[in-house]
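Have a look at model-v1.txt below; it lists compact mmCIF, C-alpha atoms.
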```
# COMPACT_ATOMS: atom_id res chain seq x y z
CA MET A 1 -6.23 10.37 -8.48
CA GLN A 2 -8.61 13.23 -7.83
CA LEU A 3 -8.43 15.86 -5.14
CA SER A 4 -11.00 18.50 -4.36
CA ALA A 5 -10.26 21.48 -2.14
CA ARG A 6 -12.32 24.04 -0.25
CA THR A 7 -11.58 26.64 2.39
CA THR A 8 -13.67 26.43 5.56
CA ASP A 9 -13.17 28.61 8.63
CA GLY A 10 -9.69 29.49 7.44
CA ASN A 11 -8.75 25.84 6.93
CA LEU A 12 -7.91 24.36 3.56
CA VAL A 13 -9.72 21.02 3.41
CA ILE A 14 -8.47 18.73 0.66
CA THR A 15 -10.60 15.65 -0.01
CA VAL A 16 -9.16 12.63 -1.79
CA GLU A 17 -11.98 11.47 -4.05
CA THR A 18 -10.48 8.14 -5.11
CA ALA A 19 -10.47 4.83 -3.25
CA ARG A 20 -6.81 3.99 -3.75
CA ILE A 21 -3.54 5.87 -3.25
CA ASP A 22 -1.28 3.38 -4.97
CA ALA A 23 1.57 2.88 -7.42
CA ALA A 24 -0.77 3.65 -10.33
CA GLY A 25 -1.83 7.03 -8.98
CA ALA A 26 0.82 8.26 -6.55
CA ILE A 27 2.47 10.73 -8.91
CA HIS A 28 -0.85 12.43 -9.67
CA LEU A 29 -1.52 12.93 -5.98
CA LYS A 30 1.67 14.92 -5.54
CA ASP A 31 0.96 17.07 -8.62
CA GLN A 32 -2.63 17.81 -7.66
CA PHE A 33 -1.67 18.50 -4.07
CA ARG A 34 0.89 21.03 -5.26
CA ASP A 35 -1.84 22.85 -7.21
CA ALA A 36 -4.26 22.70 -4.28
CA VAL A 37 -1.88 24.28 -1.76
CA ALA A 38 -0.42 26.91 -4.09
CA ASP A 39 -0.98 30.50 -2.94
CA THR A 40 -2.32 29.60 0.48
CA ASP A 41 -0.72 29.58 3.89
CA CYS A 42 -3.68 28.32 5.90
CA ARG A 43 -3.89 25.12 7.84
CA VAL A 44 -4.13 22.05 5.57
CA ILE A 45 -6.41 19.16 6.47
CA MET A 46 -6.60 16.20 4.11
CA ASP A 47 -9.75 14.11 4.37
CA ILE A 48 -8.86 10.60 3.23
CA GLY A 49 -12.06 8.90 4.34
CA ASN A 50 -12.76 7.70 0.79
CA VAL A 51 -9.40 5.92 0.60
CA GLU A 52 -9.72 2.19 1.18
CA PHE A 53 -6.15 1.27 0.30
CA MET A 54 -2.70 2.84 0.28
CA ASP A 55 0.58 1.14 -0.62
CA SER A 56 4.21 2.19 -0.12
CA SER A 57 4.14 4.32 -3.29
CA GLY A 58 1.07 6.09 -1.94
CA LEU A 59 2.79 6.67 1.39
CA GLY A 60 5.77 8.11 -0.49
CA ALA A 61 3.41 10.53 -2.24
CA MET A 62 1.98 11.62 1.10
CA VAL A 63 5.50 12.34 2.37
CA ALA A 64 6.21 14.29 -0.81
CA ALA A 65 3.01 16.28 -0.20
CA LEU A 66 4.11 17.03 3.36
CA LYS A 67 7.43 18.39 2.08
CA LEU A 68 5.59 20.73 -0.29
CA LEU A 69 4.17 22.51 2.79
CA GLU A 70 7.72 23.49 3.76
CA GLY A 71 7.34 23.08 7.49
CA ARG A 72 3.59 23.44 7.91
CA LYS A 73 1.85 20.36 9.22
CA LEU A 74 -0.16 18.03 7.04
CA GLU A 75 -3.18 16.91 9.01
CA LEU A 76 -5.03 13.75 7.96
CA ALA A 77 -8.58 12.84 8.85
CA SER A 78 -10.72 9.68 8.65
CA LEU A 79 -8.17 6.93 8.05
CA GLN A 80 -9.73 3.60 7.08
CA PRO A 81 -8.14 0.52 8.72
CA ALA A 82 -5.97 -0.53 5.76
CA VAL A 83 -4.58 3.00 5.48
CA ALA A 84 -4.03 3.37 9.22
CA LYS A 85 -2.10 0.07 9.11
CA VAL A 86 0.48 1.49 6.70
CA PHE A 87 0.97 4.60 8.82
CA SER A 88 1.39 2.60 12.02
CA LEU A 89 3.68 -0.10 10.56
CA THR A 90 6.09 2.51 9.22
CA ARG A 91 5.62 4.82 12.25
CA MET A 92 4.67 7.56 9.79
CA ASP A 93 1.73 8.24 12.11
CA SER A 94 4.30 10.18 14.16
CA VAL A 95 5.16 12.45 11.22
CA PHE A 96 1.63 13.45 10.22
CA VAL A 97 -1.07 14.85 12.50
CA ILE A 98 -3.85 12.28 12.45
CA HIS A 99 -7.46 13.01 13.40
CA GLU A 100 -10.27 10.52 13.84
CA ASN A 101 -12.48 12.43 11.43
CA LEU A 102 -12.90 15.82 9.81
CA GLU A 103 -15.10 17.15 12.60
CA ALA A 104 -12.43 16.34 15.15
CA ALA A 105 -9.81 18.00 12.98
CA MET A 106 -11.86 21.16 12.57
CA SER A 107 -12.55 21.47 16.28
CA ASP A 108 -8.89 20.85 17.24
CA LYS A 109 -7.76 24.45 17.57
CA HIS A 110 -4.42 23.42 19.01
CA SER A 111 -3.21 22.22 15.65
CA ASP A 112 -2.15 25.47 14.08
CA GLY A 113 -0.22 24.30 11.06
CA ALA A 114 0.57 27.81 9.88
CA ASN A 115 2.74 28.44 12.90
CA ALA A 116 4.54 25.10 12.93
CA ALA A 117 8.28 25.24 12.53
CA MET B 1 11.11 -26.49 -3.48
CA PRO B 2 8.15 -28.30 -1.93
CA ARG B 3 4.83 -27.20 -3.26
CA ASP B 4 1.43 -27.50 -1.68
CA ALA B 5 -0.72 -30.15 -3.22
CA GLN B 6 -3.57 -28.69 -5.23
CA VAL B 7 -6.40 -29.33 -2.84
CA PRO B 8 -9.66 -29.71 -4.74
CA ARG B 9 -12.33 -27.35 -3.60
CA SER B 10 -15.07 -29.14 -1.75
CA GLU B 11 -18.53 -27.75 -2.24
CA ALA B 12 -19.65 -29.42 0.96
CA ASP B 13 -17.01 -27.97 3.28
CA THR B 14 -14.83 -25.17 2.02
CA SER B 15 -13.70 -24.24 5.51
CA LYS B 16 -11.18 -27.07 5.81
CA ASN B 17 -9.67 -26.96 2.35
CA PRO B 18 -7.66 -24.00 1.18
CA ARG B 19 -9.37 -22.19 -1.65
CA GLN B 20 -7.09 -21.87 -4.66
CA ILE B 21 -6.97 -18.93 -7.03
CA SER B 22 -4.72 -18.87 -10.09
CA LEU B 23 -4.38 -15.88 -12.37
CA THR B 24 -2.08 -14.16 -14.81
CA ILE B 25 -1.51 -10.41 -14.53
CA SER B 26 0.19 -7.87 -16.76
CA ALA B 27 3.16 -6.34 -14.95
CA ASP B 28 1.58 -2.88 -15.06
CA PRO B 29 0.44 -0.73 -12.13
CA ASN B 30 -3.03 -0.16 -13.59
CA ASP B 31 -3.63 -3.86 -14.24
CA ILE B 32 -2.28 -4.67 -10.78
CA ARG B 33 -4.80 -2.23 -9.29
CA VAL B 34 -7.68 -3.94 -11.13
CA CYS B 35 -6.45 -7.36 -10.04
CA LEU B 36 -6.20 -6.34 -6.38
CA THR B 37 -9.68 -4.84 -6.46
CA ASP B 38 -11.11 -8.05 -7.98
CA LEU B 39 -9.29 -10.22 -5.45
CA LYS B 40 -10.90 -8.33 -2.59
CA VAL B 41 -14.25 -9.74 -3.72
CA GLU B 42 -12.78 -13.25 -3.65
CA PHE B 43 -11.36 -12.69 -0.18
CA ALA B 44 -14.72 -11.46 1.04
CA SER B 45 -16.54 -14.50 -0.32
CA ALA B 46 -13.95 -16.77 1.34
CA LYS B 47 -14.87 -15.07 4.64
CA LEU B 48 -11.26 -14.27 5.53
CA ALA B 49 -10.71 -12.21 8.68
CA THR B 50 -10.57 -8.48 7.96
CA ASP B 51 -7.02 -8.09 9.29
CA LEU B 52 -5.82 -10.98 7.14
CA VAL B 53 -7.41 -9.40 4.06
CA ILE B 54 -5.77 -6.04 4.84
CA ASN B 55 -2.33 -7.60 5.26
CA THR B 56 -2.70 -9.80 2.18
CA GLU B 57 -3.74 -6.94 -0.07
CA LEU B 58 -0.79 -4.85 1.12
CA VAL B 59 1.81 -7.62 0.71
CA LEU B 60 0.41 -8.54 -2.70
CA ALA B 61 0.42 -4.92 -3.87
CA GLU B 62 4.04 -4.47 -2.77
CA LEU B 63 5.24 -7.73 -4.35
CA LEU B 64 3.41 -7.20 -7.65
CA ASN B 65 4.43 -3.57 -8.04
CA ASN B 66 8.02 -4.45 -7.16
CA ILE B 67 8.04 -6.98 -10.00
CA ALA B 68 6.47 -4.47 -12.40
CA GLU B 69 8.95 -1.77 -11.45
CA HIS B 70 12.18 -3.73 -11.13
CA SER B 71 11.91 -7.14 -12.75
CA PHE B 72 10.42 -5.72 -15.95
CA SER B 73 11.72 -2.15 -15.79
CA GLY B 74 12.06 -0.60 -19.19
CA ARG B 75 10.24 -3.40 -20.95
CA SER B 76 6.56 -3.84 -21.70
CA GLY B 77 4.65 -7.08 -22.00
CA GLY B 78 5.79 -8.54 -18.69
CA VAL B 79 3.49 -11.14 -17.21
CA ILE B 80 3.18 -12.36 -13.62
CA LYS B 81 1.62 -15.69 -12.71
CA LEU B 82 0.00 -15.67 -9.32
CA GLN B 83 -1.33 -18.53 -7.23
CA ILE B 84 -3.14 -17.87 -3.98
CA ALA B 85 -4.18 -20.43 -1.38
CA LEU B 86 -6.69 -19.04 1.09
CA SER B 87 -7.35 -20.66 4.43
CA CYS B 88 -8.83 -19.17 7.54
CA ASN B 89 -5.51 -18.70 9.35
CA ALA B 90 -3.09 -17.86 6.52
CA VAL B 91 -2.75 -16.89 2.88
CA ARG B 92 0.00 -18.44 0.78
CA LEU B 93 1.17 -16.65 -2.37
CA VAL B 94 3.30 -17.99 -5.20
CA LEU B 95 4.39 -15.38 -7.77
CA GLU B 96 6.32 -16.21 -10.90
CA ASP B 97 7.68 -13.94 -13.61
CA ASN B 98 10.23 -14.18 -16.37
CA GLY B 99 11.84 -10.81 -15.73
CA ARG B 100 15.29 -9.98 -14.47
CA PRO B 101 16.61 -11.84 -11.41
CA MET B 102 16.64 -10.17 -8.00
CA PRO B 103 19.99 -8.46 -7.32
CA ASN B 104 22.29 -10.94 -5.51
CA LEU B 105 19.50 -13.53 -5.95
CA SER B 106 18.06 -12.52 -2.59
CA LEU B 107 15.19 -10.46 -1.20
CA PRO B 108 15.84 -7.14 0.55
CA ASP B 109 15.47 -7.05 4.34
CA PRO B 110 15.72 -3.36 5.22
CA ASP B 111 15.30 -1.72 8.60
CA ARG B 112 12.36 0.59 9.17
CA PRO B 113 13.24 3.84 7.36
CA GLU B 114 14.63 6.45 9.75
CA LEU B 115 12.09 9.18 10.53
CA ASP B 116 14.03 11.22 13.07
CA VAL B 117 15.50 13.44 10.38
CA ALA B 118 14.98 16.91 8.91
CA LEU B 119 11.79 17.34 6.89
CA GLU B 120 13.57 17.44 3.55
CA ASN B 121 15.32 14.15 4.35
CA LEU B 122 12.19 12.20 5.22
CA PRO B 123 12.15 8.99 3.16
CA GLU B 124 9.67 8.81 0.27
CA GLY B 125 10.55 5.18 -0.48
CA GLY B 126 12.02 2.08 1.11
CA PHE B 127 8.84 1.10 2.93
CA GLY B 128 7.77 -1.73 0.65
CA TRP B 129 10.12 -4.53 1.65
CA PHE B 130 10.03 -3.44 5.27
CA MET B 131 6.25 -3.91 5.33
CA ILE B 132 6.41 -7.18 3.36
CA ARG B 133 8.88 -8.59 5.92
CA ARG B 134 6.76 -7.41 8.83
CA LEU B 135 3.56 -8.98 7.52
CA THR B 136 4.88 -12.39 6.34
CA SER B 137 5.83 -15.47 8.34
CA GLU B 138 7.56 -17.09 5.38
CA LEU B 139 9.25 -15.43 2.45
CA SER B 140 11.49 -17.15 -0.08
CA TYR B 141 12.92 -16.47 -3.51
CA SER B 142 14.23 -18.85 -6.16
CA ARG B 143 15.63 -18.25 -9.60
CA ILE B 144 14.49 -21.23 -11.65
CA GLY B 145 15.92 -21.17 -15.15
CA GLN B 146 14.79 -17.86 -16.60
CA ARG B 147 12.00 -17.36 -14.04
CA ASN B 148 11.73 -15.74 -10.62
CA GLN B 149 9.62 -17.55 -8.07
CA LEU B 150 8.58 -15.86 -4.87
CA ILE B 151 6.65 -17.57 -2.08
CA ALA B 152 5.08 -15.61 0.75
CA VAL B 153 2.88 -16.68 3.63
CA ILE B 154 0.75 -14.07 5.39
CA PRO B 155 -0.48 -15.35 8.76
CA LEU B 156 -3.64 -14.34 10.54
CA PRO B 157 -2.50 -11.41 12.71
```

Written as structure tokens, that's how I'd like the structure from this file.
Amino acid sequence: MQLSARTTDGNLVITVETARIDAAGAIHLKDQFRDAVADTDCRVIMDIGNVEFMDSSGLGAMVAALKLLEGRKLELASLQPAVAKVFSLTRMDSVFVIHENLEAAMSDKHSDGANAA
Amino acid sequence: MPRDAQVPRSEADTSKNPRQISLTISADPNDIRVCLTDLKVEFASAKLATDLVINTELVLAELLNNIAEHSFSGRSGGVIKLQIALSCNAVRLVLEDNGRPMPNLSLPDPDRPELDVALENLPEGGFGWFMIRRLTSELSYSRIGQRNQLIAVIPLP
């Protein structure tokens, strides 16, 4: 599991660089996410466009990542069909903020994660 | 337990006969990942519908990782035998392992995990069997001697 992070227009954009968020890599996602969001309180957008597959362990890691934000939203962009399927089947698409792509996420000024309860 | 006859693959017309794949996998998350990635190539060459491929990969990942985590927990060297029959409207899986039996000799059938809870109580697990149940039209488990046998059918959505 590899994450890269950059700050753009006051948003922290975390890109998942691997093709699978699965049982073999889920624990690393949580650890690397923790490092990426340390010492920042800006809006967090996770670009998962490279991810072709996510299983239940991967979904669990995403929930763990959300909890690390302690009330701020975790916004996800560019879900491939197999990933979107897992979010919709479990209704987890109601827990995360999901954007069609990164551009849509960046232009959505209504999602102000820093002020979320 | 009735078993499908091994239909020989016809070079002339593969569309009518299920395509059979048999393989043996180490019960290890990294080997399971490699296996699933390789199988995607097979599914593509069999021209399965995209939605059927998506559902099959997910069910297979959940079943295999469940065996690795629970059937062989705390013990290395576990092996899973997998047979797959691909046809255009369904995929049939037979998984066998010689690990521990399923608790109560039955497969879990959980409700969808509850999401209307405080953030810290959001579930981080319990999705696997829920998704397996949702995506299969047939799911059965047998303990045969010292082996577990699991049969799953994933229909074309």

Next on the checklist: Please identify all residues of chain B having at least one atom at most 8 Å from any atom of chain A, considering all atoms listed in the file, and return them as a PyMOL selection string.
Outcome noted: chain B and resi 29-30+33+54-55+58+61-62+65+112-113+115+119-120+122-128+131

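The gap separating CA of Leu76 (chain A) from CA of Phe96 (chain A) is 7.0 Å, in Å to one decimal.
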
For region 7-19 of chain A, I'd like the enclosing box, axis-aligned and padded by 6 Å on every side, reported as lines of an AutoDock Vina configuration file with centre and edge lengths in Å to one decimal.
```
center_x = -10.8
center_y = 17.2
center_z = 1.8
size_x = 17.8
size_y = 36.7
size_z = 25.7
```

Next on the checklist: Need to verify the contact set: region 145-151 of chain B, 8 Å, only C-alpha atoms, exclusion of same-chain residues closer than 4 positions in sequence. Can you return it as JSON, numbers by chain?
Outcome noted: {"B": [92, 93, 94, 95, 96, 97, 98, 99, 100, 101, 102, 138, 139, 140, 141]}

Checklist entry - How far is it from CA of Ile14 (chain A) to CA of Asn121 (chain B), in Å with one decimal? => result 24.5 Å

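With distances taken over all atoms listed in the file, B:Leu23 is the one residue among B:Ile154, B:Leu48, B:Leu23, B:Ile132 lying closest to Lys81 (chain B).
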
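Considering the residues B:Ser137, B:Ala68, B:Glu57, B:Lys47 and counting only C-alpha atoms, Asp31 (chain B) has its shortest atom-to-atom contact with B:Ala68.
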
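You will find CA of Phe72 (chain B) at 25.7 Å from CA of Asp31 (chain A).
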
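The closest residue to Leu63 (chain B), picked from B:Leu39, B:Ala46, B:Leu107, B:Val34 and counting only C-alpha atoms, is B:Leu107.
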
Next on the checklist: Show me, as a ChimeraX atom specification, the residues that have an atom within 8 Å of region 40-45 of chain A when counting only C-alpha atoms, minus same-chain residues fewer than 6 positions from it.
Outcome noted: /A:10-14,72-77,105,112-114
